[in-house]
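To be precise, the following lines are structure.cif, and they hold mmCIF, C-alpha atoms.
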```
data_final
#
loop_
_atom_site.group_PDB
_atom_site.id
_atom_site.type_symbol
_atom_site.label_atom_id
_atom_site.label_comp_id
_atom_site.auth_asym_id
_atom_site.auth_seq_id
_atom_site.Cartn_x
_atom_site.Cartn_y
_atom_site.Cartn_z
ATOM 1 C CA MET A 1 49.552 30.898 -23.126
ATOM 2 C CA LEU A 2 45.782 31.188 -22.697
ATOM 3 C CA LEU A 3 45.246 28.362 -25.188
ATOM 4 C CA ARG A 4 47.687 26.156 -23.306
ATOM 5 C CA LYS A 5 45.804 26.740 -19.977
ATOM 6 C CA ALA A 6 42.460 25.935 -21.628
ATOM 7 C CA LEU A 7 43.825 22.680 -23.087
ATOM 8 C CA LEU A 8 45.287 21.724 -19.717
ATOM 9 C CA ALA A 9 41.939 22.368 -17.996
ATOM 10 C CA LEU A 10 40.123 20.175 -20.573
ATOM 11 C CA ALA A 11 42.649 17.387 -20.057
ATOM 12 C CA VAL A 12 42.149 17.486 -16.275
ATOM 13 C CA CYS A 13 38.339 17.364 -16.696
ATOM 14 C CA ALA A 14 38.638 14.402 -19.056
ATOM 15 C CA LEU A 15 40.693 12.529 -16.483
ATOM 16 C CA LEU A 16 38.216 13.230 -13.679
ATOM 17 C CA LEU A 17 35.087 12.139 -15.582
ATOM 18 C CA PRO A 18 34.341 8.407 -15.915
ATOM 19 C CA ALA A 19 34.797 6.856 -19.361
ATOM 20 C CA ASP A 20 31.043 6.732 -20.012
ATOM 21 C CA GLY A 21 30.694 10.504 -19.455
ATOM 22 C CA ARG A 22 28.441 10.233 -16.384
ATOM 23 C CA ARG A 23 28.960 12.541 -13.447
ATOM 24 C CA GLY A 24 28.628 11.772 -9.762
ATOM 25 C CA ARG A 25 28.272 8.259 -8.440
ATOM 26 C CA THR A 26 29.228 5.475 -10.798
ATOM 27 C CA ARG A 27 27.484 2.746 -8.795
ATOM 28 C CA SER A 28 23.829 2.181 -9.568
ATOM 29 C CA ARG A 29 21.368 2.615 -6.758
ATOM 30 C CA ASN A 30 19.358 -0.462 -5.901
ATOM 31 C CA LYS A 31 15.699 0.286 -5.429
ATOM 32 C CA SER A 32 13.649 -1.932 -3.187
ATOM 33 C CA LYS A 33 11.211 -4.229 -4.958
ATOM 34 C CA VAL A 34 8.981 -4.600 -1.881
ATOM 35 C CA GLN A 35 5.295 -4.383 -2.741
ATOM 36 C CA ILE A 36 2.695 -3.296 -0.230
ATOM 37 C CA GLY A 37 -0.394 -5.313 0.505
ATOM 38 C CA LEU A 38 0.194 -8.386 -1.636
ATOM 39 C CA PRO A 39 -0.836 -11.745 -0.151
ATOM 40 C CA ILE A 40 1.850 -14.185 0.901
ATOM 41 C CA THR A 41 1.875 -17.210 -1.370
ATOM 42 C CA GLY A 42 4.153 -20.142 -2.008
ATOM 43 C CA LYS A 43 5.601 -23.116 -0.191
ATOM 44 C CA TYR A 44 6.852 -22.974 3.370
ATOM 45 C CA ARG A 45 9.652 -24.872 5.067
ATOM 46 C CA ASP A 46 7.509 -26.892 7.421
ATOM 47 C CA PRO A 47 4.103 -28.510 6.779
ATOM 48 C CA GLU A 48 2.440 -26.719 9.707
ATOM 49 C CA SER A 49 3.240 -23.278 8.253
ATOM 50 C CA ASP A 50 2.177 -24.371 4.779
ATOM 51 C CA GLN A 51 -1.119 -25.704 6.136
ATOM 52 C CA TYR A 52 -1.714 -22.502 8.114
ATOM 53 C CA TYR A 53 -1.014 -20.009 5.316
ATOM 54 C CA ASN A 54 -2.597 -22.036 2.505
ATOM 55 C CA ASN A 55 -5.651 -23.255 4.417
ATOM 56 C CA ASN A 56 -8.812 -23.324 2.282
ATOM 57 C CA ASP A 57 -10.807 -21.930 5.223
ATOM 58 C CA GLY A 58 -8.351 -19.088 5.823
ATOM 59 C CA ALA A 59 -9.303 -15.432 5.408
ATOM 60 C CA LYS A 60 -8.949 -14.233 1.824
ATOM 61 C CA ILE A 61 -9.732 -10.803 0.412
ATOM 62 C CA LEU A 62 -11.869 -11.240 -2.702
ATOM 63 C CA LEU A 63 -12.418 -7.629 -3.718
ATOM 64 C CA ALA A 64 -10.536 -4.487 -2.775
ATOM 65 C CA SER A 65 -10.335 -0.901 -3.946
ATOM 66 C CA HIS A 66 -7.669 0.387 -6.327
ATOM 67 C CA PHE A 67 -4.087 0.740 -5.090
ATOM 68 C CA ASP A 68 -3.138 4.345 -5.897
ATOM 69 C CA PHE A 69 -5.840 6.976 -5.427
ATOM 70 C CA GLU A 70 -5.712 10.746 -5.752
ATOM 71 C CA TYR A 71 -8.592 12.534 -4.044
ATOM 72 C CA VAL A 72 -9.781 16.121 -4.184
ATOM 73 C CA LEU A 73 -9.690 18.097 -0.952
ATOM 74 C CA GLY A 74 -13.173 18.552 0.497
ATOM 75 C CA HIS A 75 -14.639 15.571 -1.396
ATOM 76 C CA LYS A 76 -15.410 12.029 -0.233
ATOM 77 C CA ILE A 77 -12.886 9.153 -0.145
ATOM 78 C CA ALA A 78 -14.237 5.590 -0.030
ATOM 79 C CA PHE A 79 -12.399 2.256 0.153
ATOM 80 C CA LEU A 80 -14.002 -1.164 -0.111
ATOM 81 C CA CYS A 81 -12.865 -4.569 1.100
ATOM 82 C CA THR A 82 -14.722 -7.918 0.721
ATOM 83 C CA ALA A 83 -13.370 -11.090 2.310
ATOM 84 C CA LYS A 84 -14.328 -14.732 2.846
ATOM 85 C CA GLY A 85 -13.279 -17.515 5.192
ATOM 86 C CA LYS A 86 -14.601 -20.140 7.627
ATOM 87 C CA PRO A 87 -15.186 -18.854 10.211
ATOM 88 C CA ARG A 88 -16.159 -15.515 8.652
ATOM 89 C CA PRO A 89 -13.145 -13.177 8.873
ATOM 90 C CA GLN A 90 -13.064 -9.892 10.728
ATOM 91 C CA ILE A 91 -11.970 -6.814 8.733
ATOM 92 C CA THR A 92 -9.812 -4.202 10.442
ATOM 93 C CA TRP A 93 -8.725 -0.880 8.886
ATOM 94 C CA PHE A 94 -5.335 0.814 9.337
ATOM 95 C CA LYS A 95 -3.841 4.135 8.242
ATOM 96 C CA ASP A 96 -0.051 4.385 8.058
ATOM 97 C CA GLY A 97 0.199 1.212 10.172
ATOM 98 C CA VAL A 98 -2.109 2.366 12.984
ATOM 99 C CA GLU A 99 -5.605 0.935 13.477
ATOM 100 C CA ILE A 100 -8.304 3.485 12.733
ATOM 101 C CA PHE A 101 -11.737 3.870 14.238
ATOM 102 C CA ALA A 102 -14.826 5.836 13.216
ATOM 103 C CA HIS A 103 -14.987 9.533 14.157
ATOM 104 C CA HIS A 104 -16.903 12.617 13.036
ATOM 105 C CA ASN A 105 -15.779 12.599 9.353
ATOM 106 C CA LEU A 106 -14.671 8.941 9.056
ATOM 107 C CA HIS A 107 -17.258 6.163 8.986
ATOM 108 C CA ILE A 108 -16.753 2.407 8.766
ATOM 109 C CA HIS A 109 -19.642 0.293 7.457
ATOM 110 C CA GLU A 110 -19.794 -3.493 7.565
ATOM 111 C CA TRP A 111 -22.192 -5.959 5.965
ATOM 112 C CA LEU A 112 -22.377 -9.686 6.713
ATOM 113 C CA ILE A 113 -23.030 -11.109 3.229
ATOM 114 C CA ASP A 114 -23.471 -14.770 4.195
ATOM 115 C CA GLU A 115 -22.023 -17.252 6.679
ATOM 116 C CA ASP A 116 -18.480 -16.949 5.312
ATOM 117 C CA ARG A 117 -18.317 -13.506 3.635
ATOM 118 C CA VAL A 118 -18.091 -9.961 4.940
ATOM 119 C CA LYS A 119 -17.909 -6.581 3.214
ATOM 120 C CA SER A 120 -16.473 -3.438 4.777
ATOM 121 C CA LYS A 121 -16.343 0.126 3.512
ATOM 122 C CA ILE A 122 -14.536 3.137 4.900
ATOM 123 C CA GLU A 123 -15.751 6.642 3.979
ATOM 124 C CA ILE A 124 -14.027 9.926 4.750
ATOM 125 C CA ASP A 125 -16.150 12.998 4.055
ATOM 126 C CA PRO A 126 -14.934 15.687 3.658
ATOM 127 C CA ALA A 127 -11.318 14.679 2.938
ATOM 128 C CA THR A 128 -8.495 16.883 4.236
ATOM 129 C CA GLN A 129 -4.726 16.987 3.720
ATOM 130 C CA MET A 130 -4.311 14.884 6.865
ATOM 131 C CA ASP A 131 -6.181 12.002 5.185
ATOM 132 C CA ALA A 132 -3.311 11.360 2.729
ATOM 133 C CA GLY A 133 -1.341 8.195 3.462
ATOM 134 C CA VAL A 134 -1.436 4.412 3.137
ATOM 135 C CA TYR A 135 -4.677 2.703 4.152
ATOM 136 C CA GLU A 136 -4.875 -1.027 4.704
ATOM 137 C CA CYS A 137 -7.712 -3.464 5.141
ATOM 138 C CA THR A 138 -6.841 -6.667 6.977
ATOM 139 C CA ALA A 139 -9.085 -9.741 6.997
ATOM 140 C CA ASP A 140 -8.295 -12.385 9.585
ATOM 141 C CA ASN A 141 -9.748 -15.515 11.098
ATOM 142 C CA MET A 142 -8.268 -18.388 13.086
ATOM 143 C CA TYR A 143 -6.492 -19.811 10.001
ATOM 144 C CA SER A 144 -4.873 -16.888 8.226
ATOM 145 C CA ILE A 145 -4.558 -13.155 7.616
ATOM 146 C CA ASP A 146 -4.853 -11.368 4.268
ATOM 147 C CA ARG A 147 -4.325 -7.661 3.650
ATOM 148 C CA ARG A 148 -4.527 -5.035 0.915
ATOM 149 C CA SER A 149 -3.109 -1.532 0.917
ATOM 150 C CA PHE A 150 -4.328 1.657 -0.734
ATOM 151 C CA LYS A 151 -2.079 4.690 -1.194
ATOM 152 C CA THR A 152 -3.756 8.104 -1.237
ATOM 153 C CA ASP A 153 -2.645 11.628 -1.946
ATOM 154 C CA PHE A 154 -4.648 14.799 -2.457
ATOM 155 C CA SER A 155 -5.087 17.253 -5.252
ATOM 156 C CA ILE A 156 -6.630 20.682 -5.234
ATOM 157 C CA ALA A 157 -9.546 21.369 -7.563
ATOM 158 C CA PHE A 158 -9.578 24.849 -9.092
ATOM 159 C CA ASP A 159 -13.053 25.888 -10.233
#
```
Translate this file's structure into structure tokens.
Amino acid sequence: MLLRKALLALAVCALLLPADGRRGRTRSRNKSKVQIGLPITGKYRDPESDQYYNNNDGAKILLASHFDFEYVLGHKIAFLCTAKGKPRPQITWFKDGVEIFAHHNLHIHEWLIDEDRVKSKIEIDPATQMDAGVYECTADNMYSIDRRSFKTDFSIAFD
């Protein structure tokens, strides 16, 4: 009798499991392929948009810091952004989508390299847990906008 109940339980389990043996959902989950901070490129529907976004004088970021950065609490974080364009672009910094400004432990430096290039650096010293997030430098002039994003998270150094 006990053997018969065990066999019946196994048969019910076999019927409830999918044929491939997986449990739970059988549909695959689609993950978004959206990438942060990549420039928009390609052809546009109308010539005016194409001319605007692919203008040779438009703002373009030439050099930017690494994408994914892990910092140590209490140490310095620094991000760099160099851009060119005619007229010279303006660089603006954002954290988690909100424009950031200098304060007591965050400093923004800017250097005008020549008539069409600018370099900007953001330094946070000392870094805290609140400094984790997504930072973005945006270069813009009258012809276009270019942006790069930097993701940060902290680690704790044990000495």
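Each of A:Trp93, A:Thr82, A:Leu62, A:Cys137 was checked against A:Ile113 using all atoms listed in the file; the smallest atom-to-atom distance is that of A:Thr82.
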Given all atoms listed in the file, how would the per-residue table for stretch 64-91 of chain A near stretch 56-60 of chain A read, listing every residue at most 6 Å away with its closest atom pair and distance in Å to one decimal, sorted by chain and number, as a tab-separated table?
```
residue	atom	partner	partner_atom	distance
A:Ala83	CA	A:Lys60	CA	5.4
A:Lys84	CA	A:Lys60	CA	5.5
A:Gly85	CA	A:Ala59	CA	4.5
A:Lys86	CA	A:Asp57	CA	4.8
A:Pro89	CA	A:Ala59	CA	5.6
```
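Comparing the minimum interatomic distances between A:Gly74 and each of A:Gly97, A:Gly133, A:Pro126, A:Pro87, counting only C-alpha atoms, we find that A:Pro126 sits nearest.
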I'd like to know which of A:Leu63, A:Val98, A:Ile108, A:Leu73 is closest to A:Ala127, using all atoms listed in the file.
A:Leu73
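A straight line drawn from atom CA of A:Cys81 to atom CA of A:Asn105 is 19.3 Å long.
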Any idea what's packed within 8 Å of A:Phe69, counting only C-alpha atoms, ignoring anything in its chain fewer than 6 positions away? Could you give it as a PyMOL selection string?
chain A and resi 150-153
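Note that the spacing between atom CA of A:Ala64 and atom CA of A:Glu136 amounts to 10.0 Å.
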